[in-house]
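Source file: coords19.pdb; contents: PDB, C-alpha atoms (C1' of nucleotides).
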```pdb
ATOM      1  CA  MET A 238      -6.516 -29.174  38.635
ATOM      2  CA  GLU A 239      -5.821 -31.361  35.631
ATOM      3  CA  PHE A 240      -2.826 -33.588  36.220
ATOM      4  CA  ASN A 241      -0.619 -35.289  33.679
ATOM      5  CA  GLU A 242      -0.696 -39.058  34.133
ATOM      6  CA  THR A 243       2.956 -39.484  33.231
ATOM      7  CA  LYS A 244       4.377 -37.249  35.964
ATOM      8  CA  ASN A 245       4.058 -37.523  39.735
ATOM      9  CA  ILE A 246       1.419 -35.247  41.230
ATOM     10  CA  PHE A 247       3.677 -33.763  43.912
ATOM     11  CA  LEU A 248       6.123 -32.728  41.168
ATOM     12  CA  GLN A 249       3.394 -31.145  39.089
ATOM     13  CA  ILE A 250       2.244 -29.137  42.093
ATOM     14  CA  ARG A 251       5.818 -27.952  42.628
ATOM     15  CA  ASP A 252       6.012 -26.967  38.943
ATOM     16  CA  TRP A 253       2.743 -25.077  39.235
ATOM     17  CA  VAL A 254       3.903 -23.039  42.237
ATOM     18  CA  ALA A 255       7.297 -22.460  40.624
ATOM     19  CA  ASP A 256       5.481 -21.162  37.561
ATOM     20  CA  GLN A 257       3.451 -18.744  39.664
ATOM     21  CA  ILE A 258       6.689 -17.367  41.064
ATOM     22  CA  LEU A 259       8.445 -17.152  37.685
ATOM     23  CA  GLN A 260       5.464 -15.370  36.185
ATOM     24  CA  GLY A 261       5.409 -12.912  39.066
ATOM     25  CA  GLU A 262       1.961 -13.911  40.287
ATOM     26  CA  ILE A 263       3.472 -14.700  43.671
ATOM     27  CA  VAL A 264       6.120 -12.229  44.804
ATOM     28  CA  ALA A 265       9.096 -12.670  47.137
ATOM     29  CA  GLY A 266       8.045 -12.521  50.792
ATOM     30  CA  GLU A 267       4.464 -13.336  49.917
ATOM     31  CA  LYS A 268       2.599 -16.194  51.590
ATOM     32  CA  ILE A 269       1.641 -19.133  49.404
ATOM     33  CA  PRO A 270      -1.593 -21.109  49.930
ATOM     34  CA  SER A 271      -1.660 -23.250  53.062
ATOM     35  CA  VAL A 272      -1.104 -26.980  52.706
ATOM     36  CA  ARG A 273      -4.720 -27.745  53.543
ATOM     37  CA  GLU A 274      -6.135 -24.973  51.355
ATOM     38  CA  LEU A 275      -4.195 -25.954  48.237
ATOM     39  CA  ALA A 276      -5.035 -29.613  48.836
ATOM     40  CA  VAL A 277      -8.748 -28.805  48.710
ATOM     41  CA  ASP A 278      -8.303 -26.511  45.694
ATOM     42  CA  MET A 279      -6.452 -29.165  43.723
ATOM     43  CA  GLU A 280      -8.578 -32.043  45.027
ATOM     44  CA  VAL A 281      -5.550 -33.781  46.408
ATOM     45  CA  ASN A 282      -4.484 -35.126  49.783
ATOM     46  CA  ARG A 283      -2.793 -32.863  52.357
ATOM     47  CA  ASN A 284       0.242 -35.121  52.433
ATOM     48  CA  THR A 285       0.795 -34.752  48.706
ATOM     49  CA  VAL A 286       0.888 -30.953  48.900
ATOM     50  CA  MET A 287       3.070 -31.274  51.988
ATOM     51  CA  ARG A 288       5.515 -33.300  49.936
ATOM     52  CA  SER A 289       5.654 -30.621  47.242
ATOM     53  CA  TYR A 290       6.253 -27.891  49.810
ATOM     54  CA  SER A 291       8.963 -29.917  51.563
ATOM     55  CA  LEU A 292      10.707 -30.332  48.227
ATOM     56  CA  MET A 293      10.515 -26.618  47.492
ATOM     57  CA  GLU A 294      11.841 -25.881  50.967
ATOM     58  CA  GLU A 295      14.844 -28.119  50.239
ATOM     59  CA  GLU A 296      15.311 -26.301  46.942
ATOM     60  CA  GLY A 297      15.424 -23.044  48.861
ATOM     61  CA  ILE A 298      12.553 -21.309  47.100
ATOM     62  CA  ILE A 299      10.096 -21.183  50.017
ATOM     63  CA  GLU A 300      10.517 -21.114  53.779
ATOM     64  CA  ASN A 301       8.293 -21.911  56.738
ATOM     65  CA  LYS A 302       7.192 -19.676  59.603
ATOM     66  CA  ARG A 303       5.894 -21.817  62.461
ATOM     67  CA  GLY A 304       2.173 -21.755  62.895
ATOM     68  CA  ILE A 305       1.722 -19.297  60.031
ATOM     69  CA  GLY A 306       2.600 -20.906  56.722
ATOM     70  CA  PHE A 307       5.054 -20.974  53.819
ATOM     71  CA  PHE A 308       6.527 -17.845  52.257
ATOM     72  CA  VAL A 309       8.458 -17.171  49.065
ATOM     73  CA  VAL A 310      12.168 -16.686  49.733
ATOM     74  CA  ALA A 311      13.850 -13.359  48.854
ATOM     75  CA  ASP A 312      15.640 -14.331  45.643
ATOM     76  CA  ALA A 313      13.433 -17.298  44.782
ATOM     77  CA  LYS A 314      12.746 -16.034  41.282
ATOM     78  CA  ARG A 315      16.403 -15.611  40.389
ATOM     79  CA  ASN A 316      17.307 -19.029  41.780
ATOM     80  CA  LEU A 317      14.379 -20.667  40.029
ATOM     81  CA  LEU A 318      15.335 -19.124  36.703
ATOM     82  CA  LYS A 319      18.853 -20.466  37.043
ATOM     83  CA  MET A 320      17.741 -23.940  38.159
ATOM     84  CA  GLN A 321      14.992 -24.426  35.583
ATOM     85  CA  LYS A 322      17.150 -23.079  32.777
ATOM     86  CA  GLN A 323      19.868 -25.588  33.525
ATOM     87  CA  ILE A 324      17.392 -28.472  33.805
ATOM     88  CA  PHE A 325      15.805 -27.520  30.505
ATOM     89  CA  LEU A 326      19.049 -27.101  28.593
ATOM     90  CA  GLN A 327      20.837 -30.124  30.031
ATOM     91  CA  ASP A 328      18.064 -32.663  30.570
ATOM     92  CA  GLU A 329      15.114 -31.818  28.333
ATOM     93  CA  LEU A 330      16.650 -30.200  25.274
ATOM     94  CA  PRO A 331      18.679 -33.260  24.165
ATOM     95  CA  SER A 332      15.531 -35.379  24.053
ATOM     96  CA  ILE A 333      13.698 -32.646  22.136
ATOM     97  CA  LEU A 334      16.508 -32.363  19.596
ATOM     98  CA  HIS A 335      16.510 -36.120  19.128
ATOM     99  CA  GLN A 336      12.790 -36.194  18.416
ATOM    100  CA  ILE A 337      13.040 -33.326  15.948
ATOM    101  CA  GLU A 338      15.786 -35.165  14.084
ATOM    102  CA  VAL A 339      14.030 -38.525  14.003
ATOM    103  CA  LEU A 340      10.653 -37.071  13.058
ATOM    104  CA  LYS A 341      12.311 -34.728  10.542
ATOM    105  CA  LEU A 342      10.336 -31.735  11.804
ATOM    106  CA  ASN A 343      11.135 -28.587   9.817
ATOM    107  CA  SER A 344      10.617 -24.838  10.130
ATOM    108  CA  GLU A 345       7.098 -25.190   8.855
ATOM    109  CA  ASP A 346       6.099 -27.804  11.434
ATOM    110  CA  LEU A 347       7.726 -25.788  14.203
ATOM    111  CA  GLN A 348       6.752 -22.325  13.038
ATOM    112  CA  ILE A 349       5.253 -21.398  16.425
ATOM    113  CA  LEU A 350       8.353 -22.581  18.225
ATOM    114  CA  ILE A 351      10.634 -20.342  16.183
ATOM    115  CA  GLN A 352       8.325 -17.371  16.616
ATOM    116  CA  THR A 353       8.252 -17.876  20.376
ATOM    117  CA  ILE A 354      12.022 -17.957  20.587
ATOM    118  CA  GLN A 355      12.429 -14.878  18.408
ATOM    119  CA  SER A 356       9.954 -12.874  20.443
ATOM    120  CA  ASN A 357      12.253 -13.427  23.408
ATOM    121  CA  ASP A 358      15.155 -11.906  21.512
ATOM    122  CA  HIS A 359      13.568  -8.468  21.523
ATOM    123  CA  ALA A 360      12.277  -8.660  25.094
ATOM    124  CA  ASN A 361      14.460  -7.271  27.852
TER     125      ASN A 361
ATOM    126  CA  MET B 288      20.133 -49.679  29.521
ATOM    127  CA  GLU B 289      19.899 -46.379  31.384
ATOM    128  CA  PHE B 290      16.318 -45.590  32.278
ATOM    129  CA  ASN B 291      14.776 -42.260  33.115
ATOM    130  CA  GLU B 292      13.328 -42.291  36.633
ATOM    131  CA  THR B 293      10.401 -40.099  35.690
ATOM    132  CA  LYS B 294       8.956 -42.351  32.986
ATOM    133  CA  ASN B 295       7.698 -45.926  33.201
ATOM    134  CA  ILE B 296      10.227 -48.508  32.031
ATOM    135  CA  PHE B 297       7.825 -50.325  29.709
ATOM    136  CA  LEU B 298       7.149 -47.019  27.937
ATOM    137  CA  GLN B 299      10.853 -46.268  27.580
ATOM    138  CA  ILE B 300      11.417 -49.678  26.036
ATOM    139  CA  ARG B 301       8.607 -49.004  23.569
ATOM    140  CA  ASP B 302      10.180 -45.644  22.732
ATOM    141  CA  TRP B 303      13.546 -47.310  22.198
ATOM    142  CA  VAL B 304      12.171 -49.896  19.765
ATOM    143  CA  ALA B 305      10.100 -47.228  17.994
ATOM    144  CA  ASP B 306      13.286 -45.216  17.599
ATOM    145  CA  GLN B 307      15.097 -48.163  16.057
ATOM    146  CA  ILE B 308      12.312 -48.440  13.497
ATOM    147  CA  LEU B 309      12.183 -44.714  12.769
ATOM    148  CA  GLN B 310      15.934 -44.605  12.299
ATOM    149  CA  GLY B 311      15.786 -47.547   9.931
ATOM    150  CA  GLU B 312      17.888 -49.830  12.117
ATOM    151  CA  ILE B 313      15.025 -52.314  12.160
ATOM    152  CA  VAL B 314      13.247 -52.664   8.823
ATOM    153  CA  ALA B 315       9.670 -53.690   8.012
ATOM    154  CA  GLY B 316       9.222 -57.461   8.118
ATOM    155  CA  GLU B 317      12.301 -57.870  10.277
ATOM    156  CA  LYS B 318      12.225 -59.769  13.557
ATOM    157  CA  ILE B 319      12.803 -57.771  16.718
ATOM    158  CA  PRO B 320      14.620 -59.211  19.767
ATOM    159  CA  SER B 321      12.691 -61.890  21.651
ATOM    160  CA  VAL B 322      11.009 -60.947  24.908
ATOM    161  CA  ARG B 323      13.498 -62.954  26.948
ATOM    162  CA  GLU B 324      16.531 -61.741  25.009
ATOM    163  CA  LEU B 325      15.722 -58.050  25.299
ATOM    164  CA  ALA B 326      14.867 -58.517  28.971
ATOM    165  CA  VAL B 327      18.371 -59.843  29.634
ATOM    166  CA  ASP B 328      19.971 -57.144  27.468
ATOM    167  CA  MET B 329      18.195 -54.352  29.269
ATOM    168  CA  GLU B 330      18.454 -55.994  32.685
ATOM    169  CA  VAL B 331      14.718 -55.964  33.111
ATOM    170  CA  ASN B 332      12.041 -58.540  33.828
ATOM    171  CA  ARG B 333      10.434 -60.548  30.998
ATOM    172  CA  ASN B 334       7.012 -59.268  31.955
ATOM    173  CA  THR B 335       8.088 -55.668  31.553
ATOM    174  CA  VAL B 336       9.308 -56.238  27.987
ATOM    175  CA  MET B 337       6.157 -58.259  27.339
ATOM    176  CA  ARG B 338       4.111 -55.256  28.347
ATOM    177  CA  SER B 339       6.010 -53.019  25.923
ATOM    178  CA  TYR B 340       5.515 -55.482  23.081
ATOM    179  CA  SER B 341       1.795 -55.897  23.861
ATOM    180  CA  LEU B 342       1.441 -52.130  23.714
ATOM    181  CA  MET B 343       3.243 -51.938  20.375
ATOM    182  CA  GLU B 344       1.058 -54.750  19.061
ATOM    183  CA  GLU B 345      -2.034 -52.739  20.014
ATOM    184  CA  GLU B 346      -0.515 -49.725  18.286
ATOM    185  CA  GLY B 347      -0.146 -51.826  15.159
ATOM    186  CA  ILE B 348       3.598 -51.430  14.697
ATOM    187  CA  ILE B 349       4.616 -55.038  15.410
ATOM    188  CA  GLU B 350       2.856 -58.388  15.038
ATOM    189  CA  ASN B 351       3.328 -61.837  16.526
ATOM    190  CA  LYS B 352       4.006 -65.138  14.783
ATOM    191  CA  ARG B 353       3.219 -68.013  17.135
ATOM    192  CA  GLY B 354       6.271 -69.759  18.484
ATOM    193  CA  ILE B 355       8.636 -67.562  16.481
ATOM    194  CA  GLY B 356       8.579 -63.987  17.744
ATOM    195  CA  PHE B 357       7.551 -60.414  16.972
ATOM    196  CA  PHE B 358       8.025 -58.787  13.572
ATOM    197  CA  VAL B 359       7.832 -55.209  12.342
ATOM    198  CA  VAL B 360       4.597 -54.534  10.468
ATOM    199  CA  ALA B 361       4.726 -53.486   6.796
ATOM    200  CA  ASP B 362       4.069 -49.756   7.147
ATOM    201  CA  ALA B 363       5.189 -49.428  10.751
ATOM    202  CA  LYS B 364       7.549 -46.582   9.974
ATOM    203  CA  ARG B 365       4.923 -44.492   8.231
ATOM    204  CA  ASN B 366       2.391 -45.062  11.001
ATOM    205  CA  LEU B 367       4.959 -44.318  13.683
ATOM    206  CA  LEU B 368       5.969 -41.082  12.007
ATOM    207  CA  LYS B 369       2.360 -39.960  11.899
ATOM    208  CA  MET B 370       1.627 -40.994  15.501
ATOM    209  CA  GLN B 371       4.768 -39.560  17.077
ATOM    210  CA  LYS B 372       4.486 -36.346  15.100
ATOM    211  CA  GLN B 373       0.978 -35.770  16.363
ATOM    212  CA  ILE B 374       1.930 -36.594  19.949
ATOM    213  CA  PHE B 375       4.896 -34.231  19.797
ATOM    214  CA  LEU B 376       3.017 -31.337  18.250
ATOM    215  CA  GLN B 377      -0.138 -31.665  20.320
ATOM    216  CA  ASP B 378       1.083 -32.900  23.698
ATOM    217  CA  GLU B 379       4.746 -31.993  24.105
ATOM    218  CA  LEU B 380       5.199 -28.790  22.140
ATOM    219  CA  PRO B 381       2.771 -26.685  24.234
ATOM    220  CA  SER B 382       4.723 -27.471  27.392
ATOM    221  CA  ILE B 383       7.997 -26.681  25.629
ATOM    222  CA  LEU B 384       6.661 -23.343  24.385
ATOM    223  CA  HIS B 385       5.484 -22.473  27.875
ATOM    224  CA  GLN B 386       8.887 -23.151  29.383
ATOM    225  CA  ILE B 387      10.649 -21.102  26.716
ATOM    226  CA  GLU B 388       8.356 -18.184  27.437
ATOM    227  CA  VAL B 389       8.665 -18.357  31.205
ATOM    228  CA  LEU B 390      12.422 -18.870  31.160
ATOM    229  CA  LYS B 391      12.802 -16.212  28.462
ATOM    230  CA  LEU B 392      15.090 -18.435  26.399
ATOM    231  CA  ASN B 393      16.305 -16.662  23.251
ATOM    232  CA  SER B 394      17.978 -17.576  19.958
ATOM    233  CA  GLU B 395      21.338 -17.628  21.659
ATOM    234  CA  ASP B 396      20.274 -20.067  24.374
ATOM    235  CA  LEU B 397      18.571 -22.283  21.804
ATOM    236  CA  GLN B 398      21.094 -21.950  19.000
ATOM    237  CA  ILE B 399      21.430 -25.732  18.606
ATOM    238  CA  LEU B 400      17.686 -26.150  18.464
ATOM    239  CA  ILE B 401      17.314 -23.689  15.600
ATOM    240  CA  GLN B 402      20.201 -25.253  13.708
ATOM    241  CA  THR B 403      18.660 -28.708  14.078
ATOM    242  CA  ILE B 404      15.326 -27.527  12.711
ATOM    243  CA  GLN B 405      16.931 -25.715   9.795
ATOM    244  CA  SER B 406      18.988 -28.730   8.795
ATOM    245  CA  ASN B 407      15.702 -30.580   8.353
ATOM    246  CA  ASP B 408      14.485 -27.915   5.905
ATOM    247  CA  HIS B 409      17.050 -28.907   3.320
ATOM    248  CA  ALA B 410      16.685 -32.644   3.836
ATOM    249  CA  ASN B 411      14.234 -34.523   1.674
TER     250      ASN B 411
ATOM    251  C1'  DT C 278      -9.011 -17.962  77.419
ATOM    252  C1'  DA C 279     -11.248 -19.925  73.449
ATOM    253  C1'  DT C 280     -11.304 -20.559  68.560
ATOM    254  C1'  DA C 281      -9.492 -21.204  64.229
ATOM    255  C1'  DC C 282      -5.937 -21.181  61.651
ATOM    256  C1'  DT C 283      -0.937 -22.875  60.525
ATOM    257  C1'  DG C 284       2.588 -27.212  59.693
ATOM    258  C1'  DT C 285       3.851 -31.929  61.141
ATOM    259  C1'  DC C 286       3.912 -36.659  62.281
ATOM    260  C1'  DA C 287       2.078 -41.391  62.490
ATOM    261  C1'  DT C 288      -0.643 -45.062  60.844
ATOM    262  C1'  DA C 289      -3.167 -47.738  57.601
ATOM    263  C1'  DG C 290      -5.147 -48.779  53.147
ATOM    264  C1'  DT C 291      -5.273 -48.732  47.868
ATOM    265  C1'  DG C 292      -3.457 -48.966  43.261
ATOM    266  C1'  DT C 293       0.136 -49.949  40.177
ATOM    267  C1'  DA C 294       4.884 -50.677  38.212
ATOM    268  C1'  DT C 295       8.309 -53.959  38.537
ATOM    269  C1'  DT C 296      10.385 -58.212  39.779
ATOM    270  C1'  DA C 297      10.733 -63.310  40.393
ATOM    271  C1'  DT C 298       9.279 -67.856  39.011
ATOM    272  C1'  DG C 299       6.975 -71.641  37.241
ATOM    273  C1'  DA C 300       4.253 -73.817  33.826
ATOM    274  C1'  DC C 301       2.294 -74.495  29.211
ATOM    275  C1'  DA C 302       1.572 -74.476  24.012
ATOM    276  C1'  DC C 303       3.593 -73.566  19.641
ATOM    277  C1'  DT C 304       7.581 -73.742  16.165
ATOM    278  C1'  DA C 305      12.130 -74.883  14.243
ATOM    279  C1'  DA C 306      16.027 -77.749  13.895
ATOM    280  C1'  DT C 307      18.797 -81.799  15.019
TER     281       DT C 307
ATOM    282  C1'  DA D 150      11.222 -87.651  19.121
ATOM    283  C1'  DT D 151      14.078 -84.526  21.537
ATOM    284  C1'  DT D 152      15.833 -80.038  22.345
ATOM    285  C1'  DA D 153      15.806 -75.237  22.323
ATOM    286  C1'  DG D 154      13.724 -71.268  21.167
ATOM    287  C1'  DT D 155       9.363 -68.507  20.790
ATOM    288  C1'  DG D 156       5.081 -66.013  23.476
ATOM    289  C1'  DT D 157       1.700 -66.370  27.311
ATOM    290  C1'  DC D 158      -0.504 -66.858  31.628
ATOM    291  C1'  DA D 159      -0.749 -67.145  36.689
ATOM    292  C1'  DT D 160       0.938 -66.221  41.164
ATOM    293  C1'  DA D 161       3.385 -63.880  44.757
ATOM    294  C1'  DA D 162       6.464 -60.319  46.564
ATOM    295  C1'  DT D 163       8.416 -55.663  46.701
ATOM    296  C1'  DA D 164       8.458 -50.711  46.222
ATOM    297  C1'  DC D 165       6.295 -46.444  45.939
ATOM    298  C1'  DA D 166       2.770 -42.752  44.979
ATOM    299  C1'  DC D 167      -1.389 -41.369  46.745
ATOM    300  C1'  DT D 168      -5.213 -41.330  49.891
ATOM    301  C1'  DA D 169      -7.643 -41.146  54.448
ATOM    302  C1'  DT D 170      -7.551 -39.813  59.230
ATOM    303  C1'  DG D 171      -6.318 -38.630  63.677
ATOM    304  C1'  DA D 172      -3.530 -36.174  66.839
ATOM    305  C1'  DC D 173      -0.452 -32.497  68.377
ATOM    306  C1'  DA D 174       2.203 -28.009  68.856
ATOM    307  C1'  DG D 175       2.727 -23.262  67.444
ATOM    308  C1'  DT D 176       0.414 -18.683  66.125
ATOM    309  C1'  DA D 177      -3.078 -15.083  65.547
ATOM    310  C1'  DT D 178      -7.337 -13.070  66.793
ATOM    311  C1'  DA D 179     -11.699 -12.178  69.050
TER     312       DA D 179
END
```
For the file at hand, write its structure as structure tokens.
Amino acid sequence: MEFNETKNIFLQIRDWVADQILQGEIVAGEKIPSVRELAVDMEVNRNTVMRSYSLMEEEGIIENKRGIGFFVVADAKRNLLKMQKQIFLQDELPSILHQIEVLKLNSEDLQILIQTIQSNDHAN
Amino acid sequence: MEFNETKNIFLQIRDWVADQILQGEIVAGEKIPSVRELAVDMEVNRNTVMRSYSLMEEEGIIENKRGIGFFVVADAKRNLLKMQKQIFLQDELPSILHQIEVLKLNSEDLQILIQTIQSNDHAN
DNA sequence: TATACTGTCATAGTGTATTATGACACTAAT
DNA sequence: ATTAGTGTCATAATACACTATGACAGTATA
């Protein structure tokens, strides 16, 4: 996997798994890749994946079954949506707004952004 | 100063100075705070500020006068605008779009964002 | 029972951001 | 000439993310 240099790897792995859940590619109750398997896939150390999974376990989106592996919690998707939404609106959005103001980005520059938002208006 | 835990301090200091220039609070030709002074102000080590300034010197937005200090380059603002715009549109926007899609954020959730963009349409 | 999976823990090593200090050369002002 | 302010370089220490391995207990399956 291609990792961003500015963000910790174990956080990016968490984000990747969270994305899989939000996009419905991993369903509630389903088993996620084993620590060792994902480590090989992502060319990363076991301990790093372990750290991501431990974090997600604390967040209550996956749970462990001894000797078997990690599984997606029942309402993981709903909880994730709520968590991520709040993080985005409270922590990330202010910085985005600030940049748009300072760089004087207009509707033309951000055409795609506006389109993306509007396409969510008509999607239930 | 309050630093974000997820981003390197020397990069946040660079961003802060760049912001001052973009907002016109530091003008071309003007002297910026000395390495030692800013270090005390921000409660950070000299070397960390030095690293930020070295980076900005490489980026061509400030220049050094021996024994005196660092000064804002003539067309620093124009260059910064171009640089930051490109970074935002190419590196940050894709991730923002992805989150909006996954979290299904609509015009209501992002009301402030749309207003901010539109207020830039009428500003020359 | 043996084998091959699971997660987990412990230990050690590497790289890098940050801090803490000291020393030096250059410039401006008294 | 002295003093105080600039940047700059070198060194050492700390903290932490990541890697590399080995070992162990629980589980499933042949």
Per residue of chain B within 9 Å of chain D, note the shortest atom pair and the distance in Å to one decimal, counting only C-alpha atoms (C1' of nucleotides), and order the rows by chain and increasing residue number, as a Markdown table.
```
| residue | atom | partner | partner_atom | distance |
| --- | --- | --- | --- | --- |
| B:Ser321 | CA | D:DT155 | C1' | 7.5 |
| B:Val322 | CA | D:DG156 | C1' | 7.9 |
| B:Met337 | CA | D:DG156 | C1' | 8.7 |
| B:Asn351 | CA | D:DG156 | C1' | 8.3 |
| B:Lys352 | CA | D:DT155 | C1' | 8.7 |
| B:Arg353 | CA | D:DG156 | C1' | 6.9 |
| B:Gly354 | CA | D:DT155 | C1' | 4.1 |
| B:Ile355 | CA | D:DT155 | C1' | 4.5 |
| B:Gly356 | CA | D:DT155 | C1' | 5.5 |
| B:Phe357 | CA | D:DG156 | C1' | 8.9 |
```
Between CA of Ile298 (chain A) and CA of Asn282 (chain A) - distance in Å to one decimal:
22.1 Å
Å distance separating CA of Thr353 (chain A) from CA of Asn291 (chain B), one decimal place
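Computed distance, CA of Thr353 (chain A) to CA of Asn291 (chain B), equals 28.3 Å.
The result of the PyMOL selection byres ((chain B and resi 371) around 12) on the shown file is Gln336, Ile337, Val339, Leu340, Lys341 and Leu342 of chain A; Asp302, Ala305, Asp306, Leu309, Glu346, Ala363, Lys364, Arg365, Asn366, Leu367, Leu368, Lys369, Met370, Lys372, Gln373, Ile374, Phe375, Leu376, Gln377, Asp378, Glu379 and Leu380 of chain B.
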Okay, now the selection with C-alpha atoms, as a CSV table (one decimal), in the coordinates of the input?
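So part10.csv came out as:
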```csv
chain,number,residue,atom,x,y,z
A,336,GLN,CA,12.8,-36.2,18.4
A,337,ILE,CA,13.0,-33.3,15.9
A,339,VAL,CA,14.0,-38.5,14.0
A,340,LEU,CA,10.7,-37.1,13.1
A,341,LYS,CA,12.3,-34.7,10.5
A,342,LEU,CA,10.3,-31.7,11.8
B,302,ASP,CA,10.2,-45.6,22.7
B,305,ALA,CA,10.1,-47.2,18.0
B,306,ASP,CA,13.3,-45.2,17.6
B,309,LEU,CA,12.2,-44.7,12.8
B,346,GLU,CA,-0.5,-49.7,18.3
B,363,ALA,CA,5.2,-49.4,10.8
B,364,LYS,CA,7.5,-46.6,10.0
B,365,ARG,CA,4.9,-44.5,8.2
B,366,ASN,CA,2.4,-45.1,11.0
B,367,LEU,CA,5.0,-44.3,13.7
B,368,LEU,CA,6.0,-41.1,12.0
B,369,LYS,CA,2.4,-40.0,11.9
B,370,MET,CA,1.6,-41.0,15.5
B,372,LYS,CA,4.5,-36.3,15.1
B,373,GLN,CA,1.0,-35.8,16.4
B,374,ILE,CA,1.9,-36.6,19.9
B,375,PHE,CA,4.9,-34.2,19.8
B,376,LEU,CA,3.0,-31.3,18.2
B,377,GLN,CA,-0.1,-31.7,20.3
B,378,ASP,CA,1.1,-32.9,23.7
B,379,GLU,CA,4.7,-32.0,24.1
B,380,LEU,CA,5.2,-28.8,22.1
```
Dig up all the protein and nucleic acid residues within 12 Å of (14.9, -8.6, 23.7) in the file frame, using all atoms listed in the file, and format them as JSON, numbers by chain.
{"A": [353, 354, 355, 356, 357, 358, 359, 360, 361], "B": [391, 392, 393, 394, 395]}
Could you tell me how far CA of Glu242 (chain A) lies from CA of Lys294 (chain B), in Å and to one decimal?
10.3 Å
Show me which bits of chain C are within 10 Å of chain B, counting only C-alpha atoms (C1' of nucleotides), as number ranges by chain.
C: 294-297, 302-305
Explicit residue set for the PyMOL selection byres ((chain A and resi 269) around 10), as a list in words:
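This file gives the following for the PyMOL selection byres ((chain A and resi 269) around 10): Val254, Gln257, Ile258, Ile263, Val264, Gly266, Glu267, Lys268, Pro270, Ser271, Val272, Glu274, Leu275, Tyr290, Ile299, Gly306, Phe307, Phe308 and Val309 of chain A.
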Go through B:Val360, B:Gln398, B:Leu384, B:Met343 one by one, measure the shortest atom-to-atom distance of each to chain A using all atoms listed in the file, and give the residue with the smallest value.
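Checking each of B:Val360, B:Gln398, B:Leu384, B:Met343 against chain A, counting all atoms listed in the file, the winner is B:Leu384.
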Which polymer residues have any atom within 12 Å of an atom of Met238 (chain A), counting all atoms listed in the file, with same-chain residues fewer than 5 positions away left out, as a list in words?
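Selected residues are Ile246, Gln249, Ile250, Trp253, Leu275, Ala276, Val277, Asp278, Met279, Glu280 and Val281 of chain A.
Nearest-residue note for chain A: choosing from B:Gly347, B:Arg301, B:Ala361, B:Gln310, the minimum distance belongs to B:Gln310, counting only C-alpha atoms.
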Have a look at B:Glu388, B:Glu344, B:Glu289, B:Glu312 and name the one nearest to chain A; count all atoms listed in the file.
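The answer is B:Glu388, which sits nearest to chain A.
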Quick one: 8 Å padding each side, axis-aligned, all listed atoms of region 158-161 of chain D - centre and edge lengths in Å to one decimal, as AutoDock Vina command-line options?
```
--center_x 1.3 --center_y -65.5 --center_z 38.2 --size_x 20.1 --size_y 19.3 --size_z 29.1
```
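Nearest-residue note for chain A: choosing from B:Asp362, B:Arg323, B:Glu345, B:Asp396, the minimum distance belongs to B:Asp396, counting all atoms listed in the file.
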Filtering to N, CA, C and O atoms (P, O5', C5', C4', C3', O3' and C1' of nucleotides), could region 295-303 of chain C of the supplied structure be written out as a short mmCIF file (atom, residue, chain, number, x, y, z; two decimals), in the first residue's frame?
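Resulting contents of decode-v3.cif:
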```cif
data_model
loop_
_atom_site.label_atom_id
_atom_site.label_comp_id
_atom_site.auth_asym_id
_atom_site.auth_seq_id
_atom_site.Cartn_x
_atom_site.Cartn_y
_atom_site.Cartn_z
P DT C 295 9.02 18.30 14.89
"O5'" DT C 295 9.73 18.53 16.29
"C5'" DT C 295 9.25 17.83 17.43
"C4'" DT C 295 10.22 17.98 18.58
"C3'" DT C 295 10.74 19.39 18.84
"O3'" DT C 295 10.11 19.92 20.00
"C1'" DT C 295 12.42 17.71 19.14
P DT C 296 10.53 21.38 20.55
"O5'" DT C 296 11.69 21.01 21.59
"C5'" DT C 296 11.44 20.05 22.61
"C4'" DT C 296 12.72 19.77 23.37
"C3'" DT C 296 13.41 21.01 23.97
"O3'" DT C 296 13.45 20.89 25.38
"C1'" DT C 296 14.98 19.56 22.87
P DA C 297 13.79 22.19 26.25
"O5'" DA C 297 15.37 22.01 26.42
"C5'" DA C 297 15.92 20.74 26.66
"C4'" DA C 297 17.43 20.87 26.86
"C3'" DA C 297 17.91 22.28 27.20
"O3'" DA C 297 18.81 22.21 28.30
"C1'" DA C 297 19.09 21.46 25.32
P DT C 298 19.19 23.57 29.11
"O5'" DT C 298 20.70 23.79 28.65
"C5'" DT C 298 21.02 23.44 27.35
"C4'" DT C 298 22.51 23.37 27.15
"C3'" DT C 298 23.18 24.72 27.27
"O3'" DT C 298 24.40 24.59 27.99
"C1'" DT C 298 23.45 23.82 25.07
P DG C 299 25.25 25.99 28.35
"O5'" DG C 299 26.41 25.94 27.25
"C5'" DG C 299 27.13 24.74 27.05
"C4'" DG C 299 28.02 24.84 25.84
"C3'" DG C 299 28.79 26.17 25.73
"O3'" DG C 299 30.16 25.91 25.46
"C1'" DG C 299 27.60 25.76 23.72
P DA C 300 31.24 27.13 25.61
"O5'" DA C 300 31.57 27.46 24.08
"C5'" DA C 300 31.94 26.39 23.22
"C4'" DA C 300 31.89 26.84 21.77
"C3'" DA C 300 32.56 28.20 21.51
"O3'" DA C 300 33.61 28.03 20.57
"C1'" DA C 300 30.41 28.07 20.47
P DC C 301 34.65 29.28 20.34
"O5'" DC C 301 34.18 29.88 18.94
"C5'" DC C 301 34.02 29.00 17.82
"C4'" DC C 301 33.30 29.72 16.70
"C3'" DC C 301 33.78 31.15 16.46
"O3'" DC C 301 34.31 31.27 15.16
"C1'" DC C 301 31.41 31.02 16.48
P DA C 302 35.15 32.63 14.79
"O5'" DA C 302 34.20 33.29 13.69
"C5'" DA C 302 33.74 32.51 12.59
"C4'" DA C 302 32.70 33.28 11.80
"C3'" DA C 302 33.08 34.73 11.51
"O3'" DA C 302 32.66 35.07 10.19
"C1'" DA C 302 31.08 34.69 12.75
P DC C 303 33.16 36.50 9.56
"O5'" DC C 303 31.82 37.36 9.53
"C5'" DC C 303 30.70 36.87 8.80
"C4'" DC C 303 29.47 37.68 9.18
"C3'" DC C 303 29.65 39.20 9.05
"O3'" DC C 303 28.73 39.71 8.09
"C1'" DC C 303 28.63 38.61 11.12
#
```
